[in-house]
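upload-v1.cif (mmCIF, C-alpha atoms)
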data_protein
#
loop_
_atom_site.label_atom_id
_atom_site.label_comp_id
_atom_site.auth_asym_id
_atom_site.auth_seq_id
_atom_site.Cartn_x
_atom_site.Cartn_y
_atom_site.Cartn_z
CA MET U 1 -19.64 10.36 -6.13
CA THR U 2 -20.29 11.12 -9.79
CA THR U 3 -23.15 11.01 -12.26
CA SER U 4 -22.35 10.41 -15.92
CA THR U 5 -23.70 8.79 -19.06
CA THR U 6 -20.20 7.76 -20.09
CA PRO U 7 -18.19 4.95 -18.46
CA THR U 8 -15.82 5.72 -15.62
CA ILE U 9 -12.40 4.10 -15.41
CA VAL U 10 -11.42 3.20 -11.85
CA LEU U 11 -7.73 2.47 -11.30
CA VAL U 12 -6.68 0.34 -8.33
CA HIS U 13 -3.03 0.28 -7.29
CA GLY U 14 -1.25 -2.69 -5.81
CA ALA U 15 1.25 -3.37 -3.04
CA PHE U 16 4.32 -1.26 -2.29
CA ALA U 17 2.80 1.71 -4.13
CA ASP U 18 0.03 4.27 -4.16
CA ALA U 19 -2.21 5.72 -6.84
CA SER U 20 0.37 8.34 -7.89
CA GLY U 21 2.01 5.71 -10.07
CA PHE U 22 -0.96 6.02 -12.42
CA ALA U 23 -0.18 9.69 -13.14
CA GLY U 24 0.98 9.12 -16.72
CA VAL U 25 -1.89 6.77 -17.51
CA ILE U 26 -4.40 9.22 -16.03
CA ARG U 27 -3.05 12.07 -18.15
CA GLU U 28 -3.33 9.97 -21.31
CA LEU U 29 -6.87 8.79 -20.54
CA GLN U 30 -8.13 12.22 -19.51
CA THR U 31 -6.61 13.82 -22.60
CA ALA U 32 -8.58 11.30 -24.65
CA GLY U 33 -11.76 12.45 -22.88
CA HIS U 34 -12.23 9.60 -20.41
CA THR U 35 -13.43 9.98 -16.81
CA VAL U 36 -10.89 8.49 -14.41
CA ILE U 37 -10.78 7.85 -10.67
CA ALA U 38 -7.76 6.38 -8.87
CA ALA U 39 -9.28 4.67 -5.86
CA PRO U 40 -7.36 4.22 -2.59
CA ASN U 41 -6.42 0.65 -1.72
CA PRO U 42 -5.85 0.08 2.03
CA LEU U 43 -3.60 -3.00 1.50
CA ARG U 44 -4.81 -4.47 4.81
CA SER U 45 -6.74 -7.62 3.84
CA LEU U 46 -8.41 -8.84 0.66
CA ALA U 47 -11.91 -8.74 2.17
CA LEU U 48 -11.42 -5.29 3.69
CA ASP U 49 -9.79 -3.87 0.57
CA ALA U 50 -12.49 -5.27 -1.71
CA ALA U 51 -15.17 -3.79 0.54
CA ALA U 52 -13.47 -0.39 0.43
CA LEU U 53 -13.34 -0.48 -3.36
CA SER U 54 -16.94 -1.65 -3.57
CA ALA U 55 -18.05 1.39 -1.57
CA VAL U 56 -16.30 3.71 -4.03
CA VAL U 57 -17.64 2.00 -7.15
CA SER U 58 -21.17 1.68 -5.77
CA ALA U 59 -21.30 5.48 -5.49
CA ILE U 60 -20.58 5.96 -9.21
CA ASP U 61 -23.76 6.50 -11.18
CA ALA U 62 -22.29 5.17 -14.43
CA SER U 63 -20.86 2.00 -15.88
CA VAL U 64 -17.35 1.27 -14.64
CA VAL U 65 -14.25 -0.39 -16.05
CA LEU U 66 -12.09 -1.59 -13.16
CA VAL U 67 -8.33 -1.63 -13.69
CA GLY U 68 -6.08 -3.39 -11.18
CA HIS U 69 -2.30 -3.54 -10.95
CA SER U 70 -0.57 -6.38 -9.10
CA TYR U 71 -2.41 -7.03 -5.80
CA GLY U 72 -5.02 -4.57 -7.04
CA GLY U 73 -6.08 -7.28 -9.47
CA ALA U 74 -7.11 -9.51 -6.58
CA VAL U 75 -9.10 -6.65 -5.12
CA ILE U 76 -11.04 -5.88 -8.31
CA THR U 77 -11.64 -9.61 -8.85
CA GLN U 78 -13.40 -9.94 -5.52
CA ALA U 79 -15.09 -6.53 -5.37
CA ALA U 80 -16.59 -6.61 -8.87
CA ALA U 81 -18.52 -9.83 -8.26
CA GLY U 82 -21.13 -7.82 -6.37
CA LEU U 83 -21.15 -4.72 -8.56
CA ASP U 84 -23.67 -4.61 -11.40
CA ASN U 85 -22.25 -1.40 -12.88
CA VAL U 86 -18.83 -2.95 -13.56
CA THR U 87 -18.74 -3.87 -17.24
CA ALA U 88 -15.12 -4.99 -17.63
CA LEU U 89 -11.98 -5.90 -15.71
CA VAL U 90 -8.48 -4.90 -16.81
CA TYR U 91 -5.42 -6.53 -15.27
CA LEU U 92 -1.99 -4.89 -15.47
CA ALA U 93 0.52 -7.57 -14.39
CA ALA U 94 -2.08 -8.42 -11.77
CA PHE U 95 -3.63 -11.23 -9.77
CA GLY U 96 -6.80 -12.71 -11.25
CA LEU U 97 -7.67 -15.15 -8.48
CA GLU U 98 -10.03 -18.09 -8.37
CA GLU U 99 -12.31 -18.56 -5.35
CA GLY U 100 -10.36 -20.18 -2.51
CA GLU U 101 -7.03 -18.96 -3.89
CA SER U 102 -4.64 -16.33 -2.53
CA CYS U 103 -1.98 -14.17 -4.12
CA ALA U 104 0.58 -16.41 -2.46
CA SER U 105 -0.94 -19.76 -3.44
CA VAL U 106 -1.57 -18.98 -7.12
CA GLN U 107 2.17 -18.43 -7.61
CA GLN U 108 3.32 -21.69 -6.07
CA PRO U 109 3.40 -23.79 -9.27
CA PHE U 110 5.62 -21.22 -10.99
CA PRO U 111 9.26 -20.15 -10.62
CA PRO U 112 9.67 -17.89 -7.57
CA SER U 113 9.82 -14.22 -8.46
CA LEU U 114 12.64 -11.98 -7.30
CA LEU U 115 10.17 -10.39 -4.89
CA ALA U 116 10.09 -13.62 -2.90
CA SER U 117 13.67 -12.96 -1.80
CA THR U 118 13.74 -9.15 -1.74
CA SER U 119 10.69 -8.51 0.45
CA TYR U 120 10.88 -8.63 4.23
CA PRO U 121 8.42 -8.55 7.16
CA THR U 122 8.27 -5.88 9.80
CA GLY U 123 9.02 -6.77 13.40
CA TYR U 124 5.57 -5.57 14.42
CA ASP U 125 2.00 -6.44 13.47
CA ALA U 126 0.54 -4.56 10.52
CA PRO U 127 -1.77 -1.78 11.77
CA ASP U 128 -5.47 -2.48 11.06
CA ALA U 129 -4.72 -5.85 9.43
CA PRO U 130 -6.30 -9.05 10.80
CA HIS U 131 -2.96 -10.53 11.83
CA GLY U 132 0.73 -10.71 11.08
CA PRO U 133 3.33 -8.19 9.92
CA ASP U 134 3.57 -5.76 7.02
CA LEU U 135 5.80 -6.51 4.04
CA TYR U 136 8.26 -4.11 2.38
CA VAL U 137 10.74 -4.42 -0.50
CA THR U 138 14.39 -3.90 0.39
CA LYS U 139 15.88 -0.57 -0.65
CA GLU U 140 18.93 -2.17 -2.26
CA ARG U 141 16.89 -4.17 -4.77
CA PHE U 142 13.67 -2.18 -5.01
CA ARG U 143 14.22 -0.90 -8.53
CA GLU U 144 15.33 -4.28 -9.89
CA THR U 145 12.37 -6.01 -8.28
CA PHE U 146 9.59 -3.53 -8.85
CA CYS U 147 10.30 -0.89 -11.47
CA ALA U 148 13.45 -1.70 -13.43
CA ASP U 149 12.43 0.39 -16.43
CA VAL U 150 12.00 3.76 -14.67
CA PRO U 151 14.91 6.18 -14.05
CA VAL U 152 16.98 5.64 -10.92
CA ASP U 153 15.80 8.88 -9.29
CA VAL U 154 12.16 7.95 -9.86
CA ALA U 155 12.74 4.49 -8.39
CA GLU U 156 14.38 6.02 -5.34
CA VAL U 157 11.30 8.13 -4.65
CA MET U 158 9.02 5.13 -5.22
CA CYS U 159 11.08 3.13 -2.74
CA ALA U 160 11.04 5.86 -0.12
CA THR U 161 7.26 6.24 -0.42
CA GLN U 162 6.34 2.57 -0.77
CA ARG U 163 3.19 1.49 1.05
CA PRO U 164 3.44 -1.93 2.65
CA LEU U 165 1.16 -4.87 2.02
CA SER U 166 0.05 -6.83 5.05
CA LEU U 167 0.99 -10.50 5.08
CA ALA U 168 -2.68 -11.18 5.79
CA ALA U 169 -3.64 -9.62 2.44
CA LEU U 170 -1.08 -11.71 0.59
CA THR U 171 -2.32 -14.97 2.08
CA GLU U 172 -6.07 -14.40 2.41
CA ASN U 173 -8.20 -16.52 0.08
CA ALA U 174 -10.56 -14.92 -2.42
CA THR U 175 -14.26 -15.53 -1.92
CA ALA U 176 -15.41 -14.45 -5.39
CA ALA U 177 -14.03 -14.33 -8.94
CA ALA U 178 -15.76 -11.67 -11.03
CA TRP U 179 -13.90 -12.63 -14.22
CA LYS U 180 -16.23 -15.63 -14.46
CA SER U 181 -19.12 -13.32 -15.32
CA LYS U 182 -17.44 -10.16 -16.66
CA PRO U 183 -15.19 -9.71 -19.72
CA SER U 184 -11.51 -9.35 -18.88
CA TRP U 185 -8.35 -7.93 -20.43
CA TYR U 186 -4.83 -8.77 -19.30
CA LEU U 187 -1.55 -6.95 -19.99
CA VAL U 188 1.36 -9.31 -19.28
CA SER U 189 4.68 -7.71 -18.28
CA GLU U 190 7.32 -9.85 -19.94
CA HIS U 191 10.19 -8.63 -17.71
CA ASP U 192 8.29 -8.76 -14.44
CA ASN U 193 10.42 -9.55 -11.38
CA ALA U 194 7.55 -9.32 -8.87
CA ILE U 195 5.13 -11.82 -10.43
CA ALA U 196 6.45 -14.50 -12.78
CA PRO U 197 5.30 -13.76 -16.35
CA SER U 198 4.37 -17.45 -16.66
CA ALA U 199 1.98 -17.01 -13.71
CA GLU U 200 0.49 -13.93 -15.37
CA ARG U 201 -0.09 -15.81 -18.63
CA PHE U 202 -1.69 -18.68 -16.69
CA MET U 203 -4.14 -16.35 -14.96
CA ALA U 204 -4.95 -14.54 -18.20
CA GLU U 205 -5.60 -17.79 -20.06
CA ARG U 206 -7.70 -19.21 -17.23
CA MET U 207 -10.02 -16.21 -17.23
CA GLY U 208 -10.27 -16.17 -21.02
CA ALA U 209 -8.94 -12.63 -21.05
CA THR U 210 -8.09 -10.62 -24.12
CA THR U 211 -4.34 -10.69 -23.62
CA LYS U 212 -1.43 -8.56 -24.77
CA SER U 213 2.22 -8.52 -23.72
CA ILE U 214 4.37 -5.50 -23.00
CA ALA U 215 8.17 -5.48 -22.84
CA GLY U 216 8.40 -3.98 -19.40
CA SER U 217 8.80 -4.41 -15.67
CA HIS U 218 6.16 -5.03 -13.02
CA THR U 219 5.22 -1.34 -13.34
CA ALA U 220 5.43 -1.12 -17.12
CA PHE U 221 2.44 1.24 -17.08
CA ILE U 222 4.66 3.88 -15.44
CA ALA U 223 7.43 3.65 -18.03
CA GLN U 224 5.01 3.18 -20.93
CA PRO U 225 1.83 5.10 -20.05
CA VAL U 226 0.73 5.55 -23.66
CA ALA U 227 0.71 1.81 -24.28
CA ALA U 228 -1.02 1.04 -20.98
CA ALA U 229 -3.65 3.75 -21.48
CA GLY U 230 -4.30 2.48 -24.99
CA PHE U 231 -4.85 -1.03 -23.69
CA ILE U 232 -7.33 0.26 -21.10
CA ALA U 233 -9.11 2.36 -23.71
CA ASP U 234 -9.44 -0.69 -25.95
CA ALA U 235 -11.13 -2.58 -23.12
CA LEU U 236 -13.41 0.38 -22.46
CA GLY U 237 -14.41 0.57 -26.09
CA ALA U 238 -15.09 -3.15 -26.37
CA SER U 239 -17.25 -3.22 -23.24
CA THR U 240 -19.58 -0.35 -24.14
#
Before we go any further, please render this structure as structure tokens.
Amino acid sequence: MTTSTTPTIVLVHGAFADASGFAGVIRELQTAGHTVIAAPNPLRSLALDAAALSAVVSAIDASVVLVGHSYGGAVITQAAAGLDNVTALVYLAAFGLEEGESCASVQQPFPPSLLASTSYPTGYDAPDAPHGPDLYVTKERFRETFCADVPVDVAEVMCATQRPLSLAALTENATAAAWKSKPSWYLVSEHDNAIAPSAERFMAERMGATTKSIAGSHTAFIAQPVAAAGFIADALGAST
């Protein structure tokens, strides 16, 4: 895909979104001279999604810093275990799973997030997923749940264009945990209504991540792209 002597930053979006949410972060990183790719995330199953990411990263002839948001964190955690060119993992309010753990199970010891009551299943099976329905966030509470710190008109577009996560992806257990062998950074969103901040801090501490908090929603990187890009750049600098 690309040949470079400088590291490449690969951004991986999570559920209910696509890579366009990284627009502000990409602009900041590119302006600073960094090479950035926003990889597609199928959101169909953890194994399938990790394999899709692995194919992208394997084609990059350079060292890579993987950045995952939300469910994207689970994907980078599994995919990076088999990728020698990945030098660091960055989690933005994301799932850093242990082997045998799912995005659903890791949250169980913590207070339920608002997302637990504002998401709903489709009445049909998720296309191309192993089993079960797709999940969406209700229109009425999308902004409060997902992106409370962006303008209302922006949230409305994000809601209308949301990409569903299959229930299979939410409940599938991880088979690898790359943070055990690769340095990790974690940006905790203190006003997150999709993943409990206490769960985020637990995952960050467990992986021994360099951790920072941001006063923002689940998608704080959209409202505060300068801060998020700076955090990613710090991880890039420390890993090279």
Inset, instruction - Please evaluate the PyMOL selection byres ((chain U and resi 110) around 12) against the displayed coordinates and give the resulting residues as a VMD selection string. - result: chain U and resid 104 to 109 111 to 113 116 195 to 203
Inset, instruction - Give the answer as one residue: which of U:Asp192, U:Asp18, U:Glu101, U:Glu28 has the shortest atom-to-atom distance to Leu114 (chain U), using all atoms listed in the file? - result: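 Of U:Asp192, U:Asp18, U:Glu101, U:Glu28, the one nearest Leu114 (chain U), counting all atoms listed in the file, is U:Asp192.
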Legend entry - Distance query Gly96 (chain U) at most 10 Å, all atoms listed in the file, self and fewer than 6 positions along chain excluded, as a PyMOL selection string: chain U and resi 68+70-78+89-90+102-103+106+174+177-179+184+186+200+202-204+206-207
Inset, instruction - Determine the nearest neighbour of Ala52 (chain U) from the options U:Ala39, U:Cys159, U:Ala17, U:Leu236, counting all atoms listed in the file. - result: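 Ranking U:Ala39, U:Cys159, U:Ala17, U:Leu236 by distance to Ala52 (chain U), first place goes to U:Ala39.
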Legend entry - Residues in the PyMOL selection byres ((chain U and resi 12) around 7), expressed as a PyMOL selection string: chain U and resi 10-11+13-14+38-41+67-69+72
Hey, could you pull the box centre and edge lengths for region 116-126 of chain U, axis-aligned, 4 Å padding per side, all listed atoms, to one decimal in Å, as JSON?
{"center_x": 7.1, "center_y": -9.1, "center_z": 5.8, "size_x": 21.2, "size_y": 17.1, "size_z": 25.3}
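Put simply, the PyMOL selection byres ((chain U and resi 29) around 9) on this file hits Ile9, Gly24, Val25, Ile26, Arg27, Glu28, Gln30, Thr31, Ala32, Gly33, His34, Thr35, Val36, Val226, Ala229, Gly230, Ile232 and Ala233 of chain U.
Note that CA of Ala15 (chain U) and CA of Ala51 (chain U) are 16.8 Å apart.
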Inset, instruction - Could you jot down the CA of Ala223 (chain U) to CA of Ala160 (chain U) separation for me, Å, one decimal place? - result: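 Going from CA of Ala223 (chain U) over to CA of Ala160 (chain U) covers 18.4 Å.
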Inset, instruction - Would you mind reading off the distance between CA of Ile37 (chain U) and CA of Thr8 (chain U), one decimal, in Å? - result: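 For CA of Ile37 (chain U) relative to CA of Thr8 (chain U), the distance reads 7.4 Å.
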Inset, instruction - For region 146-148 of chain U, work out the shell of residues within 9 Å, counting only C-alpha atoms and skipping chain neighbours fewer than 5 positions away, then give it as a list in words. - result: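 Here the answer would be Phe16, Leu115, Val137, Arg141, Ala155, Met158, His191, Asp192, Asn193, Ala194, Gly216, Ser217, His218, Thr219, Ala220, Ile222 and Ala223 of chain U.
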Legend entry - Surrounding residues of Ala215 (chain U) excluding itself and chain neighbours under 2 positions, 7 Å, all atoms listed in the file, as a list in words: Ser189, Glu190, His191 and Ser213 of chain U
Inset, instruction - Please identify all polymer residues within 9 Å of Val57 (chain U), counting only C-alpha atoms, omitting same-chain residues fewer than 6 positions from it, and present them as a list of chain:residue names. - result: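 Here the answer would be U:Met1, U:Val10, U:Ala39, U:Val64, U:Leu66, U:Ala80, U:Leu83, U:Asn85, U:Val86.
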Inset, instruction - Compile the contact shell of Pro130 (chain U) as a PyMOL selection string: residues with an atom at most 10 Å away, counting only C-alpha atoms, same-chain residues fewer than 3 positions apart removed. - result: chain U and resi 44-45+48+125-127+133+166-169+172
